Each structure stands twice: as C-alpha cells, then as structure tokens.
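Shown here: target-v3.cif, mmCIF, C-alpha atoms.
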```cif
data_my_file
#
loop_
_atom_site.label_atom_id
_atom_site.label_comp_id
_atom_site.auth_asym_id
_atom_site.auth_seq_id
_atom_site.Cartn_x
_atom_site.Cartn_y
_atom_site.Cartn_z
CA MET A 1 -77.14 35.42 18.78
CA THR A 2 -79.87 35.67 21.45
CA LEU A 3 -80.01 33.46 24.53
CA THR A 4 -83.00 31.65 23.02
CA ALA A 5 -81.13 30.99 19.81
CA LEU A 6 -78.06 29.85 21.77
CA ALA A 7 -80.19 27.30 23.57
CA THR A 8 -81.97 25.94 20.52
CA ASP A 9 -80.25 26.83 17.24
CA PRO A 10 -77.09 25.41 15.64
CA ALA A 11 -74.20 27.88 15.74
CA PRO A 12 -72.75 29.27 12.50
CA TRP A 13 -69.71 27.17 11.65
CA PRO A 14 -67.12 29.97 12.13
CA VAL A 15 -68.55 30.70 15.59
CA LEU A 16 -68.45 27.01 16.44
CA GLN A 17 -64.82 26.79 15.27
CA ALA A 18 -63.77 29.86 17.23
CA GLY A 19 -65.54 28.84 20.42
CA ALA A 20 -64.22 25.27 20.26
CA LEU A 21 -60.67 26.46 19.60
CA LEU A 22 -60.64 28.86 22.54
CA LEU A 23 -62.17 26.29 24.88
CA ALA A 24 -59.75 23.58 23.71
CA TRP A 25 -56.84 25.98 24.27
CA ALA A 26 -58.09 26.70 27.79
CA LEU A 27 -58.33 22.96 28.46
CA ASP A 28 -54.80 22.47 27.15
CA ARG A 29 -53.39 25.24 29.35
CA ARG A 30 -55.19 23.95 32.44
CA PHE A 31 -54.92 20.18 32.09
CA GLY A 32 -52.44 19.33 29.33
CA GLU A 33 -52.81 15.93 27.72
CA PRO A 34 -55.33 13.28 28.74
CA PRO A 35 -53.93 9.92 29.96
CA ASN A 36 -52.87 7.52 27.22
CA ALA A 37 -55.82 5.27 28.02
CA TRP A 38 -58.12 8.11 26.92
CA HIS A 39 -55.93 9.67 24.22
CA PRO A 40 -56.97 9.04 20.58
CA VAL A 41 -53.39 9.56 19.35
CA ALA A 42 -52.18 6.84 21.73
CA TRP A 43 -54.90 4.54 20.39
CA LEU A 44 -53.69 5.32 16.89
CA GLY A 45 -50.12 4.49 17.85
CA SER A 46 -51.22 1.11 19.19
CA VAL A 47 -52.58 0.32 15.71
CA LEU A 48 -49.76 1.81 13.64
CA GLY A 49 -47.02 0.03 15.58
CA PRO A 50 -47.86 -3.64 14.98
CA VAL A 51 -49.23 -3.05 11.48
CA GLY A 52 -46.12 -1.15 10.45
CA ARG A 53 -43.73 -3.76 11.84
CA ARG A 54 -45.49 -6.41 9.79
CA VAL A 55 -45.39 -4.39 6.56
CA ARG A 56 -41.74 -3.37 6.91
CA ALA A 57 -40.71 -7.06 6.82
CA TRP A 58 -41.97 -7.36 3.24
CA PRO A 59 -39.74 -6.90 0.14
CA PRO A 60 -39.18 -3.21 -0.79
CA ARG A 61 -41.84 -2.84 -3.49
CA ALA A 62 -44.47 -4.72 -1.52
CA ALA A 63 -43.58 -2.79 1.62
CA PHE A 64 -44.00 0.54 -0.17
CA VAL A 65 -47.37 -0.44 -1.68
CA GLY A 66 -48.52 -2.00 1.59
CA GLY A 67 -47.49 1.04 3.61
CA ALA A 68 -49.26 3.37 1.20
CA LEU A 69 -52.46 1.29 1.18
CA VAL A 70 -52.55 0.99 4.97
CA TRP A 71 -51.94 4.73 5.31
CA CYS A 72 -54.69 5.60 2.83
CA GLY A 73 -57.14 3.14 4.34
CA LEU A 74 -56.64 4.39 7.88
CA ALA A 75 -56.70 8.03 6.77
CA ALA A 76 -59.95 7.52 4.85
CA GLY A 77 -61.62 5.84 7.81
CA LEU A 78 -60.51 8.51 10.27
CA VAL A 79 -61.52 11.39 8.01
CA ALA A 80 -64.92 9.80 7.34
CA GLY A 81 -65.51 9.34 11.07
CA ALA A 82 -64.46 12.92 11.80
CA TRP A 83 -66.72 14.20 9.02
CA GLY A 84 -69.66 12.30 10.46
CA LEU A 85 -69.04 13.65 13.96
CA GLN A 86 -68.65 17.20 12.66
CA SER A 87 -71.86 16.96 10.63
CA TRP A 88 -73.72 15.79 13.72
CA LEU A 89 -72.24 18.54 15.89
CA ARG A 90 -73.37 21.19 13.44
CA THR A 91 -76.98 20.18 14.08
CA LEU A 92 -76.71 20.73 17.84
CA PRO A 93 -77.38 23.97 19.73
CA ALA A 94 -74.31 26.14 20.29
CA TRP A 95 -74.08 25.54 24.05
CA LEU A 96 -73.63 21.80 23.43
CA ALA A 97 -71.76 21.78 20.11
CA VAL A 98 -68.92 24.06 21.25
CA PRO A 99 -67.76 21.99 24.26
CA LEU A 100 -68.14 18.71 22.39
CA LEU A 101 -66.08 19.96 19.46
CA ALA A 102 -63.50 21.34 21.91
CA LEU A 103 -63.17 17.93 23.56
CA LEU A 104 -62.62 16.32 20.15
CA LEU A 105 -60.13 18.99 19.07
CA LYS A 106 -58.02 19.11 22.22
CA PRO A 107 -56.14 15.78 21.71
CA LEU A 108 -55.14 16.89 18.21
CA PHE A 109 -52.73 19.58 19.45
CA ALA A 110 -50.38 19.77 22.43
CA ALA A 111 -49.00 23.20 23.30
CA ARG A 112 -48.61 22.78 27.06
CA MET A 113 -47.00 19.34 26.88
CA LEU A 114 -44.43 20.55 24.35
CA CYS A 115 -43.31 23.39 26.59
CA ASP A 116 -43.41 21.27 29.75
CA GLU A 117 -41.22 18.56 28.21
CA VAL A 118 -38.57 21.04 27.04
CA ARG A 119 -38.61 22.84 30.38
CA ALA A 120 -38.11 19.46 32.08
CA VAL A 121 -34.90 18.89 30.10
CA GLU A 122 -33.39 22.13 31.40
CA ALA A 123 -34.53 21.32 34.95
CA ALA A 124 -32.84 17.92 34.71
CA LEU A 125 -29.71 19.49 33.26
CA GLN A 126 -29.47 21.72 36.33
CA GLN A 127 -29.15 18.51 38.37
CA GLY A 128 -26.32 17.20 36.21
CA LEU A 129 -25.31 16.39 32.66
CA GLU A 130 -26.32 12.73 32.88
CA ALA A 131 -29.77 13.69 34.15
CA GLY A 132 -30.15 16.18 31.31
CA ARG A 133 -29.14 13.59 28.72
CA ALA A 134 -31.55 11.04 30.17
CA ARG A 135 -34.45 13.51 30.09
CA LEU A 136 -33.62 14.58 26.54
CA ALA A 137 -33.73 10.92 25.45
CA TRP A 138 -37.50 11.05 26.08
CA LEU A 139 -37.81 13.63 23.29
CA VAL A 140 -35.32 12.74 20.56
CA SER A 141 -34.30 9.63 18.69
CA ARG A 142 -30.60 10.53 18.41
CA ASP A 143 -27.86 9.07 20.61
CA VAL A 144 -27.55 11.44 23.57
CA ARG A 145 -24.74 9.69 25.47
CA GLN A 146 -21.92 11.92 24.19
CA LEU A 147 -23.73 15.25 24.11
CA THR A 148 -22.34 18.21 26.02
CA ALA A 149 -24.58 20.46 28.10
CA ALA A 150 -24.74 22.97 25.24
CA GLN A 151 -25.69 20.21 22.79
CA VAL A 152 -28.42 18.98 25.13
CA ARG A 153 -29.85 22.50 25.10
CA GLU A 154 -29.49 22.70 21.32
CA SER A 155 -31.47 19.50 20.92
CA ALA A 156 -34.17 20.66 23.34
CA ILE A 157 -34.58 24.02 21.58
CA GLU A 158 -34.62 22.32 18.17
CA THR A 159 -37.33 19.96 19.37
CA LEU A 160 -39.33 22.88 20.72
CA ALA A 161 -39.12 24.83 17.46
CA GLU A 162 -39.79 21.93 15.10
CA ASN A 163 -42.65 20.51 17.14
CA LEU A 164 -44.30 23.89 17.47
CA ASN A 165 -45.35 23.30 13.88
CA ASP A 166 -46.14 19.60 14.23
CA SER A 167 -47.95 19.82 17.56
CA VAL A 168 -49.77 23.16 17.36
CA ILE A 169 -49.58 25.33 14.25
CA ALA A 170 -50.19 22.65 11.60
CA PRO A 171 -53.11 20.71 13.16
CA LEU A 172 -54.94 23.95 13.90
CA ALA A 173 -54.23 25.29 10.41
CA TRP A 174 -55.81 22.18 8.93
CA PHE A 175 -58.70 22.59 11.36
CA ALA A 176 -59.15 26.08 9.90
CA VAL A 177 -59.00 24.77 6.33
CA ALA A 178 -61.04 21.57 6.61
CA GLY A 179 -62.58 21.47 10.08
CA LEU A 180 -62.26 18.45 12.32
CA PRO A 181 -61.48 16.08 9.39
CA GLY A 182 -58.52 18.28 8.43
CA ALA A 183 -57.09 18.30 11.96
CA VAL A 184 -57.60 14.54 12.28
CA LEU A 185 -55.90 13.89 8.94
CA TYR A 186 -52.88 15.97 9.91
CA ARG A 187 -52.53 14.38 13.34
CA PHE A 188 -52.74 10.93 11.75
CA ALA A 189 -50.15 11.83 9.10
CA ASN A 190 -47.75 13.28 11.64
CA THR A 191 -48.13 10.29 13.98
CA ALA A 192 -47.58 7.83 11.12
CA ASP A 193 -44.46 9.72 10.06
CA ALA A 194 -43.15 9.75 13.64
CA MET A 195 -43.57 5.96 13.84
CA TRP A 196 -42.78 4.86 10.29
CA GLY A 197 -40.87 7.66 8.58
CA TYR A 198 -37.30 6.49 9.13
CA ARG A 199 -34.40 5.31 7.02
CA GLY A 200 -33.09 1.77 7.34
CA ALA A 201 -35.62 -0.91 8.21
CA TRP A 202 -38.54 1.49 7.68
CA GLU A 203 -37.23 2.93 4.40
CA TRP A 204 -39.92 1.48 2.12
CA ALA A 205 -42.84 0.82 4.45
CA GLY A 206 -42.67 4.37 5.78
CA LYS A 207 -41.85 6.28 2.60
CA TRP A 208 -45.46 7.19 1.77
CA ALA A 209 -46.10 8.30 5.36
CA ALA A 210 -42.98 10.47 5.36
CA ARG A 211 -43.85 12.16 2.06
CA ALA A 212 -47.47 12.72 3.08
CA ASP A 213 -46.39 14.42 6.29
CA ASP A 214 -43.89 16.56 4.35
CA GLY A 215 -46.64 17.72 2.01
CA LEU A 216 -49.17 18.53 4.73
CA SER A 217 -46.53 20.31 6.85
CA TRP A 218 -44.99 22.31 3.98
CA PRO A 219 -47.09 25.51 4.21
CA THR A 220 -47.39 25.59 7.99
CA ALA A 221 -43.64 25.15 8.55
CA ARG A 222 -43.13 28.52 6.85
CA VAL A 223 -45.94 30.08 8.89
CA THR A 224 -44.35 28.75 12.08
CA ALA A 225 -41.01 30.29 11.12
CA LEU A 226 -42.65 33.68 10.60
CA LEU A 227 -44.45 33.45 13.94
CA LEU A 228 -41.12 32.79 15.66
CA ARG A 229 -39.15 35.39 13.73
CA PRO A 230 -41.11 37.76 11.50
CA ALA A 231 -39.20 38.28 8.25
CA TRP A 232 -41.13 40.90 6.33
CA ARG A 233 -38.03 42.45 4.73
CA VAL A 234 -36.68 40.62 1.70
CA ALA A 235 -33.22 40.35 3.28
CA ASP A 236 -34.64 38.74 6.42
CA TRP A 237 -36.65 36.24 4.36
CA VAL A 238 -33.59 35.34 2.27
CA GLN A 239 -31.57 34.78 5.43
CA LEU A 240 -34.28 32.59 6.93
CA ARG A 241 -34.64 30.58 3.74
CA GLY A 242 -30.88 30.08 3.63
CA GLU A 243 -30.82 28.66 7.15
CA ALA A 244 -33.75 26.36 6.40
CA ALA A 245 -31.90 24.95 3.39
CA ARG A 246 -29.08 23.68 5.60
CA THR A 247 -31.15 20.76 6.91
CA PRO A 248 -32.11 17.64 4.95
CA SER A 249 -35.75 18.10 5.96
CA PRO A 250 -37.92 20.24 3.65
CA ASN A 251 -39.75 21.66 6.66
CA GLY A 252 -37.92 21.28 9.98
CA GLY A 253 -35.19 23.77 9.13
CA TRP A 254 -37.63 26.65 8.86
CA SER A 255 -38.77 26.82 12.46
CA MET A 256 -35.40 25.71 13.84
CA GLY A 257 -33.60 28.28 11.71
CA ALA A 258 -36.02 30.98 12.81
CA MET A 259 -35.40 30.15 16.46
CA ALA A 260 -31.62 30.11 15.97
CA LEU A 261 -31.72 33.54 14.35
CA ARG A 262 -34.14 34.94 16.94
CA LEU A 263 -31.91 33.85 19.83
CA ASP A 264 -28.61 34.45 17.98
CA ILE A 265 -27.47 30.92 18.82
CA CYS A 266 -26.15 28.01 16.78
CA LEU A 267 -28.39 24.96 16.59
CA GLY A 268 -27.10 21.81 15.01
CA LYS A 269 -26.89 18.07 14.75
CA PRO A 270 -23.26 16.88 14.70
CA GLY A 271 -22.24 15.77 11.24
CA VAL A 272 -25.60 16.71 9.70
CA TYR A 273 -26.24 20.47 9.85
CA ALA A 274 -25.50 23.69 11.73
CA LEU A 275 -28.05 26.49 11.75
CA HIS A 276 -26.79 30.05 12.20
CA PRO A 277 -23.22 28.74 12.63
CA ARG A 278 -21.92 32.18 13.65
CA GLY A 279 -24.23 32.16 16.65
CA ARG A 280 -23.07 31.36 20.17
CA ALA A 281 -23.68 28.15 22.09
CA PRO A 282 -27.04 28.12 23.89
CA GLU A 283 -27.13 28.75 27.63
CA ALA A 284 -29.74 28.03 30.28
CA ALA A 285 -31.41 31.40 29.80
CA ASP A 286 -31.87 30.67 26.10
CA VAL A 287 -34.16 27.73 26.84
CA GLU A 288 -36.51 29.96 28.82
CA THR A 289 -36.35 32.65 26.12
CA ALA A 290 -37.16 30.05 23.46
CA LEU A 291 -40.15 28.94 25.55
CA ARG A 292 -41.40 32.53 25.78
CA HIS A 293 -41.15 32.96 22.01
CA THR A 294 -42.98 29.68 21.50
CA GLN A 295 -45.79 30.63 23.86
CA SER A 296 -46.06 34.02 22.16
CA ALA A 297 -46.32 32.31 18.76
CA VAL A 298 -49.11 30.08 20.09
CA ARG A 299 -51.00 33.09 21.44
CA TRP A 300 -50.70 34.94 18.13
CA TRP A 301 -51.85 31.90 16.18
CA MET A 302 -54.85 31.25 18.41
CA THR A 303 -55.82 34.92 18.28
CA MET A 304 -55.52 35.10 14.50
CA LEU A 305 -57.58 31.97 13.93
CA ALA A 306 -60.33 32.75 16.44
CA GLY A 307 -60.44 36.42 15.45
CA GLY A 308 -60.62 35.54 11.77
CA TRP A 309 -63.50 33.14 12.28
CA LEU A 310 -65.46 35.58 14.43
CA GLY A 311 -64.84 38.39 11.95
CA TRP A 312 -66.05 36.17 9.13
CA ALA A 313 -69.19 35.31 11.08
CA LEU A 314 -69.90 38.99 11.79
CA MET A 315 -69.45 39.86 8.12
CA GLY A 316 -71.90 37.11 7.21
CA ALA A 317 -74.40 38.31 9.80
CA ALA A 318 -74.11 41.85 8.42
CA GLY A 319 -74.76 40.67 4.87
CA GLY A 320 -71.14 40.36 3.77
CA PRO A 321 -69.40 37.24 2.41
CA ALA A 322 -71.08 34.03 3.56
#
```
Do you think you could lay out the structure here as structure tokens?
Amino acid sequence: MTLTALATDPAPWPVLQAGALLLAWALDRRFGEPPNAWHPVAWLGSVLGPVGRRVRAWPPRAAFVGGALVWCGLAAGLVAGAWGLQSWLRTLPAWLAVPLLALLLKPLFAARMLCDEVRAVEAALQQGLEAGRARLAWLVSRDVRQLTAAQVRESAIETLAENLNDSVIAPLAWFAVAGLPGAVLYRFANTADAMWGYRGAWEWAGKWAARADDGLSWPTARVTALLLRPAWRVADWVQLRGEAARTPSPNGGWSMGAMALRLDICLGKPGVYALHPRGRAPEAADVETALRHTQSAVRWWMTMLAGGWLGWALMGAAGGPA
C-alpha cells in the first residue's frame, strides 16, 4: 500500500484488523483499562444490574423468558451498533480507520488488568494473610475468610487462568471470526453471565445468559488450555481433558487444569473440585511463573491473529484467496 493510498483509500479488512489489534494491544500494555466513566463494559453493567434484579423477582418461568428476551434484545442492539460502526470505519482511509477501530476494540479485552490484579494479590499476601484475603475478595465471589495462604494463591492462579480465556483469548477470537460485532457480542455475553449467571436467586433469570456464555466460550477455552500447556501428544490431551472434567463448568476447567499441570501444582475449590491433586501446594514463585505463562500465551495469540490476517492480505494482494 503506497503512502498516497494509505492517506486516501480504505484498508483491506485483514490489514485493518491486524493494525487495530496491535495498536489496541499496545494501548492495553501502556495504559490498561480506561476509567469506569469512559468504559463501555461499565456502562453495560449499569444497565444489566437494575434490569436483572427486576427480572429475577418474577416467577421462575417468567424470569427465564424475561431474562432471555432482555439478553437477546440487548445483544441485538449492541451487535447492530457495532456492525454500523464497523461498516463506517471500512470506508475511511487506513490512517484513520486503524486507530479508531483500536480504540473501540481496546475495552473489549483486558490483558494488563488481569495480570496486575493477580500480582496485587501476591503483593498483599506478602504483607500478611488477612491483606491477601482482602485483596483476593476483589477478584472472586467465594468466601475468603478461612482460606490459607496456599489457598489464596490457588484462587488467584485459578482466576488468572480462567479469565485469560474470558478477558483476552475469547473476545479476540470472536473479533477474528466476526469483526467488531463478534467481540462486542462476546463481551456482552460474558458480562451478563458474570452478573446474572448464578444459582439461587438468579437461577432462572440468569440461565439463558449462563448458557449463552458457555456456548460462546466453548471453543476458545480449549484454545486457551493449549496456549498455556501445549498437548499435541494424545496422552497429554487425554490428561488435560481428564483434569478439565473435574470441574462443574464446561469451560473453566480447561485453562485451570492446563495451568495446574504446567506448574505441577494442585488447584482446587474446597468441597467442589481439585485439579492435578497429586501436585504440590502453590508457593509465591508459582504466581509469578503463572503470570509469565499467561503473558506468553497472550503474545502467541496476538502474533498468530495479526500474522494470520497480514498473511491473508498478502495472499489476496498476490492473487491468492480473497
């Protein structure tokens, strides 16, 4: 693409995707998350919260139907808006379309924040067990008051592994598959599940949201596991699949099991599951090692996506597949 074309012509879509992804990643590494006042996911949470609390008070059947209709209505509106923005961006010259798409993409994934929050748990734990428990409570919904230091680290590493899929791998995979609408749909589904997808009072109102998130996360959870612990041999894949089956979640056990096997530690939730039960209890060094593996997985994923898009664009320019 010549300088004249860059200044005046729309970029091929794969080039636009690759450029926006790399710029959004650079913004994430440098600045992290925007303030809640400017964060679209925070705006979404401010809508989902009050609407969901109203629907969950209905009788079970009405709550299920209401939750499903609200989910579908919001999803349709968000996807339509994202499609309109993407269509407009594709008419702009490359120098303008790439940064604008990057700014829209950045809030839909959160690699730096994920690592920073887990690192903060270990830093707090170095100050004392109570401080570590209090910092962990920012990340998990479980009762942390009786956790030992090793269990605090288990929970932090589990959160890191599971949210690597939810916060990075999956939204960018859906961006690869369906552009900005795909990433927006996934981020909406994951946010709705995080707010509504619980047992108890949310059982019926949040059931559709929970199942939708499970479906959208299903393929990428397996990809995340392979990024954390490559399992190309059949025996390694069988072992990984066996660990994943120990959890009640159809997806979370894959990345958590991969991390447990990679670090040779046991990760578990008391009374619910234990992953790699023959592994040792995690130590402080394991948190930093888990962070390194996570950052390596992010780098590989970004490189594969951007490289794939640029390769596709070059093939098209050379007369290969369009």
Quiz prompt | Close residues, region 71-78 of chain A itself excluded, 8 Å, only C-alpha atoms, min 3 positions apart in chain, as a ChimeraX atom specification | solution = /A:67-68,81-82,181,184-185,188-189,192,208-209
Who sits within 12 Å of Leu22 (chain A), only C-alpha atoms, same chain under 6 positions skipped, as a compact mmCIF listing (two decimals) with C-alpha atoms, keeping the file's coordinate frame:
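Contents of out-v7.txt, as written:
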```
# COMPACT_ATOMS: atom_id res chain seq x y z
CA VAL A 15 -68.55 30.70 15.59
CA LEU A 16 -68.45 27.01 16.44
CA ASP A 28 -54.80 22.47 27.15
CA ARG A 29 -53.39 25.24 29.35
CA VAL A 98 -68.92 24.06 21.25
CA PRO A 99 -67.76 21.99 24.26
CA LEU A 101 -66.08 19.96 19.46
CA ALA A 102 -63.50 21.34 21.91
CA LEU A 103 -63.17 17.93 23.56
CA LEU A 105 -60.13 18.99 19.07
CA LYS A 106 -58.02 19.11 22.22
CA LEU A 172 -54.94 23.95 13.90
CA VAL A 298 -49.11 30.08 20.09
CA ARG A 299 -51.00 33.09 21.44
CA TRP A 301 -51.85 31.90 16.18
CA MET A 302 -54.85 31.25 18.41
CA THR A 303 -55.82 34.92 18.28
CA MET A 304 -55.52 35.10 14.50
CA LEU A 305 -57.58 31.97 13.93
CA ALA A 306 -60.33 32.75 16.44
CA GLY A 307 -60.44 36.42 15.45
CA TRP A 309 -63.50 33.14 12.28
CA LEU A 310 -65.46 35.58 14.43
```
Exercise. Quick one: apply the PyMOL selection byres ((chain A and resi 281) around 6) to the file and drop the selected residues here as an MDAnalysis selection string.
Key: chainID A and resid 265:266 280 282
Excluding same-chain residues fewer than 3 positions from Arg53 (chain A), what lies within 10 Å of it counting all atoms listed in the file, as an mmCIF file with C-alpha atoms, in the frame of the given file?
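Ended up saving to result37.cif:
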```
data_model
loop_
_atom_site.group_PDB
_atom_site.id
_atom_site.type_symbol
_atom_site.label_atom_id
_atom_site.label_comp_id
_atom_site.auth_asym_id
_atom_site.auth_seq_id
_atom_site.Cartn_x
_atom_site.Cartn_y
_atom_site.Cartn_z
ATOM 1 C CA LEU A 48 -49.760 1.810 13.640
ATOM 2 C CA GLY A 49 -47.020 0.030 15.580
ATOM 3 C CA PRO A 50 -47.860 -3.640 14.980
ATOM 4 C CA ARG A 56 -41.740 -3.370 6.910
ATOM 5 C CA ALA A 57 -40.710 -7.060 6.820
ATOM 6 C CA TRP A 58 -41.970 -7.360 3.240
ATOM 7 C CA MET A 195 -43.570 5.960 13.840
ATOM 8 C CA TRP A 196 -42.780 4.860 10.290
ATOM 9 C CA ALA A 201 -35.620 -0.910 8.210
ATOM 10 C CA TRP A 202 -38.540 1.490 7.680
ATOM 11 C CA ALA A 205 -42.840 0.820 4.450
#
```
Exercise. Please provide as a VMD selection string all residues within 9 Å of Pro171 (chain A), with the sequence filter that same-chain residues fewer than 3 positions apart are discarded (counting only C-alpha atoms).
Key: chain A and resid 108 to 109 165 to 168 174 to 176 182 to 187
Practice problem: Within 10 Å of region 122-129 of chain A, counting all atoms listed in the file, which residues show up once you throw out same-chain ones fewer than 2 positions away? Write them as number ranges by chain, please. | Solution: A: 117-120, 131-136, 145, 147-150, 152-153, 156, 283-285, 287-288
Exercise. Show me as a VMD selection string the residues that reach within 6 Å of (-30.7, 23.5, 19.7), counting all atoms listed in the file and using the file's own coordinates.
Key: chain A and resid 153 to 158 267
Exercise. Return the single residue from A:Leu291, A:Ala313, A:Ala210, A:Leu226 that is closest to Gly197 (chain A), with distances computed using all atoms listed in the file.
Key: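 The shortest atom-to-atom distance to Gly197 (chain A) comes from A:Ala210.
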Take every atom of region 295-306 of chain A listed in the file, pad by 6 Å on each side, and give me the axis-aligned box centre and edge lengths in Å, one decimal, as lines of an AutoDock Vina configuration file.
```
center_x = -53.1
center_y = 32.6
center_z = 18.9
size_x = 26.5
size_y = 17.0
size_z = 21.9
```
Quiz prompt | Counting all atoms listed in the file, the residue of A:Ala260, A:Ala62, A:Leu314, A:Ala212 that sits nearest Ala194 (chain A) | solution = A:Ala212
Quiz item: Got a sec to resolve the PyMOL selection byres ((chain A and resi 263) around 8) on this structure and send the residues as a list of chain:residue names?
Solution: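 When the PyMOL selection byres ((chain A and resi 263) around 8) is applied, the selected residues are A:Met259, A:Ala260, A:Leu261, A:Arg262, A:Asp264, A:Ile265, A:Asp286, A:Thr289, A:Ala290.
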Quiz item: Which residue, A:Glu243, A:Gly179, A:Cys115, A:Leu69, has the smallest gap to Arg278 (chain A) when you use only C-alpha atoms?
Solution: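 Under the stated criterion, the closest residue is A:Glu243.
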Self-check item: Selected residue, from A:Asp116, A:Leu228, A:Ala317, A:Glu203, that lies nearest to Pro59 (chain A) when counting all atoms listed in the file
Solution: A:Glu203
Self-check item: Protein/DNA/RNA residues near (-33.3, 21.8, 3.2), cut 12 Å, only C-alpha atoms, as a VMD selection string
Solution: chain A and resid 214 218 240 to 257 272 to 275
Quiz item: Nearest to Ala97 (chain A): which of A:Ala11, A:Val41, A:Ala110, A:Ala26 is it, counting only C-alpha atoms?
Solution: A:Ala11
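When only C-alpha atoms are used to compute distances to Ala94 (chain A), the closest of the residues A:Gln17, A:Gln151, A:Thr159, A:Gln146 turns out to be A:Gln17.
Straight-line separation from CA of Leu92 (chain A) to CA of Asp9 (chain A): 7.1 Å.
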Practice problem: Work out how far apart CA of Ala225 (chain A) and CA of Arg112 (chain A) are and give it in Å to one decimal. | Solution: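 Here the two named atoms are 19.2 Å from each other.
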Quiz prompt | One-decimal distance in Å that lies between CA of Trp83 (chain A) and CA of Leu100 (chain A) | solution = 14.2 Å
